[in-house]
file model02.pdb (PDB, C-alpha atoms)
ATOM      1  CA  MET A   1      11.110 -78.615 102.609
ATOM      2  CA  THR A   2       9.447 -77.429  99.463
ATOM      3  CA  ILE A   3       8.307 -73.872  98.920
ATOM      4  CA  GLU A   4       5.375 -73.545  96.519
ATOM      5  CA  ARG A   5       4.706 -70.189  94.877
ATOM      6  CA  GLN A   6       1.514 -69.388  92.980
ATOM      7  CA  GLU A   7       0.853 -66.513  90.597
ATOM      8  CA  THR A   8       4.469 -65.403  90.763
ATOM      9  CA  LYS A   9       5.543 -62.238  89.009
ATOM     10  CA  GLN A  10       8.799 -60.287  89.154
ATOM     11  CA  ARG A  11       7.943 -58.458  92.384
ATOM     12  CA  MET A  12       5.909 -60.995  94.362
ATOM     13  CA  SER A  13       3.865 -64.161  94.498
ATOM     14  CA  ARG A  14       0.167 -63.894  95.388
ATOM     15  CA  ILE A  15       0.401 -67.117  97.430
ATOM     16  CA  VAL A  16       3.399 -68.835  99.023
ATOM     17  CA  LYS A  17       3.034 -72.188 100.804
ATOM     18  CA  HIS A  18       5.632 -73.742 103.097
ATOM     19  CA  ASN A  19       5.294 -76.488 105.716
ATOM     20  CA  GLY A  20       1.496 -76.214 105.868
ATOM     21  CA  THR A  21       1.553 -72.424 106.213
ATOM     22  CA  ILE A  22       0.075 -70.108 103.585
ATOM     23  CA  TYR A  23       1.296 -66.555 103.085
ATOM     24  CA  LEU A  24      -0.769 -64.138 100.992
ATOM     25  CA  CYS A  25       0.598 -60.962  99.498
ATOM     26  CA  GLY A  26      -1.125 -57.750 100.536
ATOM     27  CA  GLN A  27      -4.694 -57.498  99.269
ATOM     28  CA  VAL A  28      -6.560 -54.306  98.467
ATOM     29  CA  ALA A  29     -10.073 -53.467  97.283
ATOM     30  CA  ALA A  30     -11.410 -54.608  93.919
ATOM     31  CA  ASP A  31     -12.444 -50.979  93.268
ATOM     32  CA  ALA A  32     -10.421 -48.279  94.995
ATOM     33  CA  ASN A  33     -13.014 -45.628  94.164
ATOM     34  CA  THR A  34     -15.432 -46.783  96.857
ATOM     35  CA  ASP A  35     -15.770 -46.044 100.578
ATOM     36  CA  ILE A  36     -13.978 -47.863 103.405
ATOM     37  CA  THR A  37     -16.872 -50.302 103.927
ATOM     38  CA  GLU A  38     -16.922 -51.455 100.305
ATOM     39  CA  GLN A  39     -13.126 -51.483 100.045
ATOM     40  CA  THR A  40     -12.852 -53.636 103.170
ATOM     41  CA  GLN A  41     -15.525 -56.073 101.961
ATOM     42  CA  THR A  42     -14.053 -56.580  98.497
ATOM     43  CA  MET A  43     -10.547 -56.878  99.956
ATOM     44  CA  LEU A  44     -11.741 -59.630 102.308
ATOM     45  CA  ASP A  45     -13.586 -61.344  99.442
ATOM     46  CA  LYS A  46     -10.260 -61.490  97.578
ATOM     47  CA  VAL A  47      -8.538 -62.936 100.662
ATOM     48  CA  GLU A  48     -11.222 -65.595 100.952
ATOM     49  CA  GLY A  49     -10.802 -66.581  97.295
ATOM     50  CA  LEU A  50      -7.030 -66.846  97.587
ATOM     51  CA  LEU A  51      -7.310 -68.927 100.757
ATOM     52  CA  LEU A  52      -9.653 -71.358  99.012
ATOM     53  CA  GLN A  53      -7.274 -71.541  96.045
ATOM     54  CA  ALA A  54      -4.426 -72.335  98.460
ATOM     55  CA  GLY A  55      -6.334 -75.037 100.361
ATOM     56  CA  SER A  56      -7.483 -73.049 103.368
ATOM     57  CA  ASP A  57     -10.286 -70.783 104.545
ATOM     58  CA  LYS A  58     -10.924 -67.861 106.878
ATOM     59  CA  GLU A  59     -11.295 -70.190 109.884
ATOM     60  CA  HIS A  60      -7.612 -71.099 109.457
ATOM     61  CA  ILE A  61      -6.164 -67.565 109.424
ATOM     62  CA  LEU A  62      -3.348 -67.388 111.945
ATOM     63  CA  SER A  63      -2.363 -63.744 111.623
ATOM     64  CA  ALA A  64      -3.478 -60.620 109.782
ATOM     65  CA  THR A  65      -1.909 -57.205 109.492
ATOM     66  CA  VAL A  66      -4.322 -54.479 108.424
ATOM     67  CA  TYR A  67      -2.995 -51.241 106.984
ATOM     68  CA  ILE A  68      -5.485 -48.385 107.056
ATOM     69  CA  ARG A  69      -4.918 -44.985 105.464
ATOM     70  CA  ASP A  70      -6.708 -43.040 108.191
ATOM     71  CA  MET A  71      -7.694 -44.250 111.654
ATOM     72  CA  LYS A  72     -10.921 -42.244 111.337
ATOM     73  CA  ASP A  73     -12.126 -45.235 109.277
ATOM     74  CA  PHE A  74     -11.127 -47.789 111.950
ATOM     75  CA  ALA A  75     -14.652 -48.421 113.310
ATOM     76  CA  GLN A  76     -16.195 -48.847 109.840
ATOM     77  CA  MET A  77     -13.403 -51.205 108.749
ATOM     78  CA  ASN A  78     -13.820 -53.216 111.966
ATOM     79  CA  ALA A  79     -17.588 -53.538 111.442
ATOM     80  CA  VAL A  80     -16.948 -55.322 108.133
ATOM     81  CA  TRP A  81     -14.055 -57.340 109.578
ATOM     82  CA  ASP A  82     -16.073 -58.465 112.610
ATOM     83  CA  ALA A  83     -18.960 -59.656 110.401
ATOM     84  CA  TRP A  84     -16.506 -61.541 108.145
ATOM     85  CA  VAL A  85     -14.418 -63.402 110.747
ATOM     86  CA  PRO A  86     -16.169 -66.564 111.970
ATOM     87  CA  GLU A  87     -16.996 -66.456 115.678
ATOM     88  CA  GLY A  88     -14.290 -68.161 117.708
ATOM     89  CA  HIS A  89     -11.745 -67.996 114.862
ATOM     90  CA  ALA A  90     -10.305 -64.487 115.221
ATOM     91  CA  PRO A  91      -6.629 -64.455 114.192
ATOM     92  CA  ALA A  92      -3.811 -62.601 115.850
ATOM     93  CA  ARG A  93      -4.141 -59.151 114.290
ATOM     94  CA  ALA A  94      -2.397 -55.817 114.109
ATOM     95  CA  CYS A  95      -3.785 -52.651 112.549
ATOM     96  CA  VAL A  96      -1.597 -49.712 111.661
ATOM     97  CA  GLU A  97      -2.160 -46.388 109.950
ATOM     98  CA  ALA A  98      -0.049 -46.258 106.802
ATOM     99  CA  ARG A  99       0.450 -44.332 103.596
ATOM    100  CA  MET A 100      -0.825 -46.482 100.731
ATOM    101  CA  ALA A 101       0.740 -47.205  97.338
ATOM    102  CA  ARG A 102      -2.066 -45.218  95.690
ATOM    103  CA  PRO A 103      -3.935 -42.363  97.416
ATOM    104  CA  GLU A 104      -7.405 -43.770  96.666
ATOM    105  CA  LEU A 105      -6.654 -47.003  98.555
ATOM    106  CA  LEU A 106      -8.057 -46.882 102.081
ATOM    107  CA  VAL A 107      -7.161 -50.335 103.425
ATOM    108  CA  GLU A 108      -4.876 -53.311 102.761
ATOM    109  CA  VAL A 109      -4.400 -56.621 104.540
ATOM    110  CA  SER A 110      -1.617 -59.193 104.670
ATOM    111  CA  VAL A 111      -2.628 -62.680 105.840
ATOM    112  CA  ILE A 112      -0.893 -65.835 107.100
ATOM    113  CA  ALA A 113      -3.010 -68.985 107.369
ATOM    114  CA  ALA A 114      -2.711 -72.708 108.009
ATOM    115  CA  GLU A 115      -3.634 -75.251 105.366
ATOM    116  CA  LYS A 116      -6.781 -77.216 106.082
ATOM    117  CA  ALA A 117      -5.972 -80.744 107.194
TER     118      ALA A 117
END
call {"tool": "encode", "arguments": {"input": "model02.pdb", "output": "structure tokens"}}
result
Amino acid sequence: MTIERQETKQRMSRIVKHNGTIYLCGQVAADANTDITEQTQTMLDKVEGLLLQAGSDKEHILSATVYIRDMKDFAQMNAVWDAWVPEGHAPARACVEARMARPELLVEVSVIAAEKA
């Protein structure tokens, strides 16, 4: 059983593939100096790009864990999320309030997906 790692650095790999399952490292906004709506959208755009690079897409997401700095932003984050996830393809998901690595970050997501057949 081969493990494939892509864009590996000392601390982490951006993509890890094993037995048809794709694991993405946590993704954050392209620009942390924007509001929760923009941060969520650019974060999900990054997820989509990594999934395509790994041979998958957002319809094949199995699980997502969303970390949000403040639950007051939960509804705005969900509005972007709900528009992004294809109808009928919602993954198992958890959302937790968490302290972020940098104070300007408002949201982060970790994704597990299946490879497209």
call {"tool": "atom_distance", "arguments": {"input": "model02.pdb", "atom1": "atom CA of Gln53 of chain A", "atom2": "atom CA of Ile15 of chain A"}}
result
9.0 Å
call {"tool": "residues_around", "arguments": {"input": "model02.pdb", "residues": "segment 37-40 of chain A", "least_positions_apart": "2", "cutoff": "9 Å", "atoms": "all atoms listed in the file", "output": "number ranges by chain"}}
result
A: 28-35, 42-45, 73, 76-81, 105-108
call {"tool": "write_last_selection", "arguments": {"input": "model02.pdb", "atoms": "C-alpha atoms", "output": "short mmCIF file (atom, residue, chain, number, x, y, z; two decimals), in the coordinates of the input"}}
result
data_model
loop_
_atom_site.label_atom_id
_atom_site.label_comp_id
_atom_site.auth_asym_id
_atom_site.auth_seq_id
_atom_site.Cartn_x
_atom_site.Cartn_y
_atom_site.Cartn_z
CA VAL A 28 -6.56 -54.31 98.47
CA ALA A 29 -10.07 -53.47 97.28
CA ALA A 30 -11.41 -54.61 93.92
CA ASP A 31 -12.44 -50.98 93.27
CA ALA A 32 -10.42 -48.28 95.00
CA ASN A 33 -13.01 -45.63 94.16
CA THR A 34 -15.43 -46.78 96.86
CA ASP A 35 -15.77 -46.04 100.58
CA THR A 42 -14.05 -56.58 98.50
CA MET A 43 -10.55 -56.88 99.96
CA LEU A 44 -11.74 -59.63 102.31
CA ASP A 45 -13.59 -61.34 99.44
CA ASP A 73 -12.13 -45.24 109.28
CA GLN A 76 -16.20 -48.85 109.84
CA MET A 77 -13.40 -51.20 108.75
CA ASN A 78 -13.82 -53.22 111.97
CA ALA A 79 -17.59 -53.54 111.44
CA VAL A 80 -16.95 -55.32 108.13
CA TRP A 81 -14.06 -57.34 109.58
CA LEU A 105 -6.65 -47.00 98.56
CA LEU A 106 -8.06 -46.88 102.08
CA VAL A 107 -7.16 -50.34 103.42
CA GLU A 108 -4.88 -53.31 102.76
#
call {"tool": "axis_aligned_box", "arguments": {"input": "model02.pdb", "around": "segment 13-17 of chain A", "padding_each_side": "6 Å", "output": "JSON"}}
result
{"center_x": 2.0, "center_y": -68.0, "center_z": 97.7, "size_x": 15.7, "size_y": 20.3, "size_z": 18.3}
call {"tool": "residues_around", "arguments": {"input": "model02.pdb", "residues": "segment 83-91 of chain A", "least_positions_apart": "6", "cutoff": "8 Å", "atoms": "all atoms listed in the file", "output": "PyMOL selection string"}}
result
chain A and resi 44+58-64
call {"tool": "closest_residue", "arguments": {"input": "model02.pdb", "among": "A:Arg69, A:Lys17, A:Arg5, A:Lys116", "to": "Glu97 of chain A", "atoms": "all atoms listed in the file"}}
result
A:Arg69
